[in-house]
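Trainee: Once you've had a glance at the structure underneath, I'll fire off some questions.
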Amino acid sequence: MVGLQHRSRAVTGAALRADFPVFERPTASGRRLVYLDSAASAQKPRAVIEALAQTYAHHYANVHRGIYELSVDADARYEGARRSVAAFIGADSPREIVFVRNATEAINLVAFSFGRSNVGRDDLVVTTELEHHANLVPWQQLCAATGATLAHVRSTDDGKLDLDDLRSHLERGPKILAVSHVSNALGTINPIAEVTGLGRAAGATVVVDAAQSVPHMPLNVAELGADFVAFSGHKMLGPSGIGVLWGRRALLDAMPPFLTGGSMIRRVTLDGAEWNEVPWKFEAGTPAIAEATGLAAAIDYLEGIGMDGVRAHERELFIAAWSRLGNMPGVRLLGPDDPDEHAGVISFVLDGIHPHDVATILDREGVAVRAGHHCAQPLMDRHGVPATTRASFYLYNDHDDIERLADAIVATQRVFGTA
């Protein structure tokens with residue numbers, strides 16, 4: 001699955017923060033911002049911000065329509081971004097890259113277009129307890145509409161996918177297996193190549209939610225073995241409003257459109273229409289033109305560092321943070337403790353303190369974290385908690401951020417008298 005890229009810049013956290021204007025922003029605490037919420041959305045380097053500004057200032061026109069110079073330029077940049085995405089994830093062709101708004105829309109596209117064409121009454125769809133709602137609710141809706149059955153692979157007490165339970169579900173011959181590469185709520189890294197291999201061997205079409213993996217580690221779709229892969233631009237230093245669905249060309253060719261209207265048509269009469277080729281068949285209306293160029297700039301930035309370097313840096317931070325927080329009284333950590341099975345996400349609970357209160361006090365200390373169910377309510381139920389506090393790391397974090405987090409936790413415990 002791994003396709004290593006050239007590493008030309010060291011990932012040192014503090015040095016890279018200079019590339020991100022947000023860290024120049026003062027906080028109410030008067031201290032440097034410690035941003036530990038990249039699993040929700042990543043901050044943007046100047047290169048991405050400038051790419052957006054330059055597009056709007058000098059290169060903006062609608063694409064796939066005009067024959068004048070400015071439109072041709074915009075079209076070239078938009079389709080160039082598609083080629084950048086294809087190369088970044090090892091796709092065989094840019095025609096396999098469909099631009100959408102985010103990973104959620106990508107999964108909904110597959111559930112609606114592929115699912116309603118291929119799943120019927122008494123068929124089986126399998127997902128897991130580890131999923132974000134975006135990789136659960138679309139399949140619930142598909143099964144409700146078609147009469148199919150939805151089953152869920154169990155997770156273990158330490159937050160891993162139960163592979164024996166997966167195999168038992170696959171013996172039932174599901175039509176679709178939908179699974180996340182990395183849990184957004186716990187940080188669990190699933191053995192995705194093994195999972196996709198098992199799924200396809202059982203005859204299932206495999207859909208991978210890669211929103212938490214593409215930004216943080218090398219991923220090559222040609223080696224992954226999945227049929228569809230979804231991810232979002234805003235989690236990988238890019239703009240919001242653009243995401244990616246990668247799909248096998250033969251599947252995309254056979255699928256009906258998800259939305260209809262401009263750009264996705266070849267010919268229209270008063271009585272009917274003929275669809276465009278992929279990927280444009282799935283890109284109705286004016287697309288996210290500037291956002292595509294911003295995503296390409298984010299990819300350039302990440303490739304300048306190397307995804308192997310990004311992953312190694314986050315692995316190092318996870319080891320340090322797991323040890324630091326795990327030795328603090330009153331702190332309960334969730335998820336696997338093996339750094340090879342855990343991404344740069346730490347989900348924890350403080351004894352006697354609600355996660356929302358934790359996040360509020362941490363914010364007063366200049367530490368930004370996420371608190372809640374992380375769009376994974378069934379997983380919270382599985383672990384017997386209403387919510388957790390989640391700290392997630394990226395390439396602009398460092399060991400000082402971990403110490404700031406630990407100090408803020410102690411401050412929180414003092415406020416609530418649990419220290």
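Every chain in the structure tokens takes a letter, A first, then B, and so on in the order presented; its residues are numbered from 1, and the ligands are numbered from 1 following the presented order.
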Counting only C-alpha atoms, what is within 9 Å of Leu150 in chain A, bar same-chain residues fewer than 5 positions away, as a list in words?
Mentor: Asp123, Leu124, Val125, Val126, Thr127, Trp139, Gln140 and Cys143 of chain A
Trainee: Enumerate, in order of chain and increasing residue number, the residues of range 193-240 of chain A with an atom no farther than 12 Å from range 285-289 of chain A, each with its shortest atom pair and distance in Å to one decimal, counting only C-alpha atoms, as a tab-separated table.
Mentor:
```
residue	atom	partner	partner_atom	distance
A:Gly233	CA	A:Ala288	CA	11.3
A:Pro239	CA	A:Ala288	CA	9.9
A:Ser240	CA	A:Ala288	CA	9.7
```
Trainee: Please list as an mmCIF file with C-alpha atoms, in the first residue's frame every residue within 12 Å of range 88-96 of chain A, counting only C-alpha atoms and excluding residues in the same chain fewer than 5 positions away.
Mentor:
```cif
data_model
loop_
_atom_site.group_PDB
_atom_site.id
_atom_site.type_symbol
_atom_site.label_atom_id
_atom_site.label_comp_id
_atom_site.auth_asym_id
_atom_site.auth_seq_id
_atom_site.Cartn_x
_atom_site.Cartn_y
_atom_site.Cartn_z
ATOM 1 C CA MET A 1 0.000 0.000 0.000
ATOM 2 C CA VAL A 2 2.826 2.380 0.815
ATOM 3 C CA GLY A 3 4.411 4.380 -1.968
ATOM 4 C CA LEU A 4 7.160 6.487 -0.364
ATOM 5 C CA GLN A 5 7.813 9.954 -1.701
ATOM 6 C CA HIS A 6 10.990 12.027 -1.729
ATOM 7 C CA TYR A 78 -8.321 22.834 -12.729
ATOM 8 C CA GLU A 79 -7.479 19.697 -14.705
ATOM 9 C CA GLY A 80 -3.853 20.051 -13.622
ATOM 10 C CA ALA A 81 -5.056 19.779 -10.043
ATOM 11 C CA ARG A 82 -6.804 16.542 -10.971
ATOM 12 C CA ARG A 83 -3.523 15.202 -12.336
ATOM 13 C CA ALA A 210 -9.393 7.593 3.852
ATOM 14 C CA SER A 213 -5.046 8.618 6.300
ATOM 15 C CA VAL A 214 -4.354 10.412 3.007
ATOM 16 C CA PRO A 215 -3.269 13.594 4.858
ATOM 17 C CA MET A 217 0.715 8.779 5.611
ATOM 18 C CA PRO A 218 1.684 7.405 2.201
ATOM 19 C CA LEU A 219 -1.212 5.797 0.352
ATOM 20 C CA ASN A 220 -1.191 4.244 -3.098
ATOM 21 C CA VAL A 221 -4.604 3.256 -4.416
ATOM 22 C CA ALA A 222 -3.129 0.932 -7.034
ATOM 23 C CA GLU A 223 -1.674 -1.167 -4.212
ATOM 24 C CA LEU A 224 -4.468 -0.645 -1.697
ATOM 25 C CA GLY A 225 -6.904 -3.085 -3.306
ATOM 26 C CA ALA A 226 -10.058 -1.031 -2.703
ATOM 27 C CA ASP A 227 -12.716 -0.181 -5.282
ATOM 28 C CA PHE A 228 -13.472 3.334 -4.012
ATOM 29 C CA VAL A 229 -11.450 5.691 -1.797
ATOM 30 C CA ALA A 230 -12.776 8.958 -0.339
ATOM 31 C CA PHE A 231 -10.899 11.851 1.271
ATOM 32 C CA MET A 236 -4.622 17.774 4.155
ATOM 33 C CA VAL A 244 -11.935 13.494 -3.808
ATOM 34 C CA LEU A 245 -13.529 10.224 -4.784
ATOM 35 C CA TRP A 246 -11.178 7.787 -6.437
ATOM 36 C CA GLY A 247 -12.869 4.842 -8.113
ATOM 37 C CA ARG A 248 -11.973 2.032 -10.437
ATOM 38 C CA ARG A 249 -12.620 3.273 -13.944
ATOM 39 C CA ALA A 250 -14.855 0.367 -14.961
ATOM 40 C CA LEU A 251 -17.098 0.957 -11.941
ATOM 41 C CA LEU A 252 -17.307 4.705 -12.510
ATOM 42 C CA ASP A 253 -18.136 4.168 -16.190
ATOM 43 C CA GLU A 277 -17.635 10.782 -19.682
ATOM 44 C CA VAL A 278 -16.063 10.206 -16.267
ATOM 45 C CA PRO A 279 -15.063 12.002 -14.191
ATOM 46 C CA TRP A 280 -17.144 14.935 -15.482
ATOM 47 C CA LYS A 281 -20.303 12.814 -15.380
ATOM 48 C CA PHE A 282 -20.178 13.241 -11.596
ATOM 49 C CA LEU A 295 -5.608 21.467 -3.152
ATOM 50 C CA ALA A 296 -2.858 21.120 -5.747
ATOM 51 C CA ALA A 297 -0.762 23.612 -3.763
ATOM 52 C CA ALA A 298 -1.345 21.591 -0.581
ATOM 53 C CA ILE A 299 -0.172 18.455 -2.373
ATOM 54 C CA ASP A 300 2.945 20.283 -3.567
ATOM 55 C CA TYR A 301 3.630 21.313 0.033
ATOM 56 C CA LEU A 302 3.180 17.788 1.381
ATOM 57 C CA GLU A 303 5.288 16.288 -1.393
ATOM 58 C CA GLY A 304 8.033 18.776 -0.561
ATOM 59 C CA GLY A 306 7.364 13.580 1.952
ATOM 60 C CA MET A 307 4.497 11.586 3.377
#
```
Trainee: As an exercise, work out the distance from CA of Thr418 in chain A to CA of Ala406 in chain A in Å and give it to one decimal place.
Mentor: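 Answer for the CA of Thr418 in chain A to CA of Ala406 in chain A separation: 14.6 Å.
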Trainee: Determine, for each residue of range 49-159 of chain A having at least one atom at most 12 Å from an atom of range 169-177 of chain A, the closest pair of atoms and their separation in Å to one decimal, counting only C-alpha atoms; order by chain and ascending number, as a Markdown table.
Mentor:
```
| residue | atom | partner | partner_atom | distance |
| --- | --- | --- | --- | --- |
| A:Val110 | CA | A:Ile176 | CA | 10.4 |
| A:Ala111 | CA | A:Ile176 | CA | 9.4 |
| A:Phe114 | CA | A:Ile176 | CA | 9.9 |
| A:Gly115 | CA | A:Ile176 | CA | 8.2 |
| A:Arg116 | CA | A:Lys175 | CA | 11.4 |
| A:Ser117 | CA | A:Lys175 | CA | 11.4 |
| A:Asn118 | CA | A:Lys175 | CA | 7.9 |
| A:Val119 | CA | A:Lys175 | CA | 6.7 |
| A:Gly120 | CA | A:Lys175 | CA | 9.3 |
| A:Arg121 | CA | A:Lys175 | CA | 11.3 |
| A:Asp122 | CA | A:Pro174 | CA | 10.1 |
| A:Asp123 | CA | A:Lys175 | CA | 6.5 |
| A:Leu124 | CA | A:Pro174 | CA | 4.5 |
| A:Val125 | CA | A:Ile176 | CA | 4.9 |
| A:Val126 | CA | A:Leu177 | CA | 4.8 |
| A:Thr127 | CA | A:Leu177 | CA | 5.8 |
| A:Thr128 | CA | A:Leu177 | CA | 8.9 |
| A:Glu131 | CA | A:Leu177 | CA | 12.0 |
| A:Asn135 | CA | A:Leu177 | CA | 10.5 |
| A:Leu136 | CA | A:Leu177 | CA | 11.1 |
| A:Trp139 | CA | A:Ile176 | CA | 9.3 |
| A:Leu142 | CA | A:Ile176 | CA | 11.0 |
| A:Cys143 | CA | A:Ile176 | CA | 11.1 |
| A:Ala148 | CA | A:Lys175 | CA | 9.6 |
| A:Thr149 | CA | A:Pro174 | CA | 9.3 |
| A:Leu150 | CA | A:Pro174 | CA | 9.4 |
| A:Ala151 | CA | A:His169 | CA | 7.7 |
| A:His152 | CA | A:His169 | CA | 8.3 |
| A:Val153 | CA | A:His169 | CA | 7.3 |
| A:Arg154 | CA | A:His169 | CA | 10.2 |
```
Trainee: Give me the residues near Val349 in chain A as a list in words, where near means some atom within 6 Å (using only C-alpha atoms) and where sequence neighbours in that chain fewer than 6 positions away do not count.
Mentor: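 In the requested format, the answer is Val331, Arg332 and Thr388 of chain A.
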Trainee: Excluding Val385 in chain A and residues on its chain fewer than 6 positions from it, collect all residues at most 12 Å away from it, counting only C-alpha atoms, and give them as a short mmCIF file (atom, residue, chain, number, x, y, z; two decimals) with C-alpha atoms, in the first residue's frame.
Mentor:
```cif
data_model
loop_
_atom_site.label_atom_id
_atom_site.label_comp_id
_atom_site.auth_asym_id
_atom_site.auth_seq_id
_atom_site.Cartn_x
_atom_site.Cartn_y
_atom_site.Cartn_z
CA ARG A 332 -7.99 7.35 30.64
CA LEU A 334 -8.71 5.03 24.43
CA SER A 347 -8.74 10.31 22.55
CA PHE A 348 -9.00 10.53 26.32
CA VAL A 349 -11.34 10.98 29.28
CA LEU A 350 -10.58 12.81 32.52
CA ASP A 351 -12.13 11.26 35.61
CA GLY A 352 -15.08 13.28 36.86
CA ILE A 353 -14.88 16.01 34.18
CA HIS A 354 -17.04 16.21 31.06
CA PRO A 355 -15.01 16.51 27.82
CA GLY A 372 -17.67 15.41 21.77
CA HIS A 373 -18.65 12.17 20.10
CA ALA A 376 -18.97 8.43 16.00
CA GLN A 377 -21.77 7.99 18.52
CA PRO A 378 -22.02 4.19 18.20
CA LEU A 379 -18.31 3.96 18.99
#
```
Trainee: Could you tell me how far CA of Asp73 in chain A lies from CA of His59 in chain A, in Å and to one decimal?
Mentor: 6.6 Å
Trainee: Output as a ChimeraX atom specification all residues of range 11-167 of chain A that backbone DSSP marks as strand (DSSP E or B).
Mentor: /A:34-35,37,97-100,124-128,149-153,155,161
Trainee: Tell me, which residues of range 84-215 of chain A carry DSSP helix (DSSP H, G or I), written as a PyMOL selection string?
Mentor: chain A and resi 84-89+94-96+103-118+133-135+137-146+163-170+192-201
Trainee: Which residues are near Asp19 in chain A? Cut-off 12 Å, only C-alpha atoms, ignore same chain within fewer than 2 positions. Put them as a PyMOL selection string.
Mentor: chain A and resi 13-17+21-24+43-50+237+298+301+395-396
Trainee: To one decimal place, how far is CA of Asp357 in chain A from CA of Asp158 in chain A in Å?
Mentor: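 Computed distance, CA of Asp357 in chain A to CA of Asp158 in chain A, equals 24.9 Å.
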Trainee: Leaving out His356 in chain A and any residue of its chain fewer than 4 positions from it, which residues lie within 10 Å of it when counting only C-alpha atoms, given as JSON, numbers by chain?
Mentor: {"A": [360, 361, 362, 369, 370, 371, 372, 387, 388, 389]}
Trainee: Export C-alpha atoms of the chosen residues as a PDB file, in the first residue's frame?
Mentor:
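Final output, part-v4.pdb:
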```
ATOM      1  CA  THR A 360     -13.172  24.884  27.583  1.00  0.00           C
ATOM      2  CA  ILE A 361     -10.404  25.037  30.182  1.00  0.00           C
ATOM      3  CA  LEU A 362      -7.777  23.901  27.672  1.00  0.00           C
ATOM      4  CA  VAL A 369      -8.730  20.344  21.070  1.00  0.00           C
ATOM      5  CA  ARG A 370     -11.974  18.680  20.012  1.00  0.00           C
ATOM      6  CA  ALA A 371     -14.552  17.437  22.503  1.00  0.00           C
ATOM      7  CA  GLY A 372     -17.666  15.411  21.768  1.00  0.00           C
ATOM      8  CA  ALA A 387     -17.893  11.785  24.563  1.00  0.00           C
ATOM      9  CA  THR A 388     -14.102  12.112  24.707  1.00  0.00           C
ATOM     10  CA  THR A 389     -11.530  14.841  24.434  1.00  0.00           C
TER      11      THR A 389
END
```
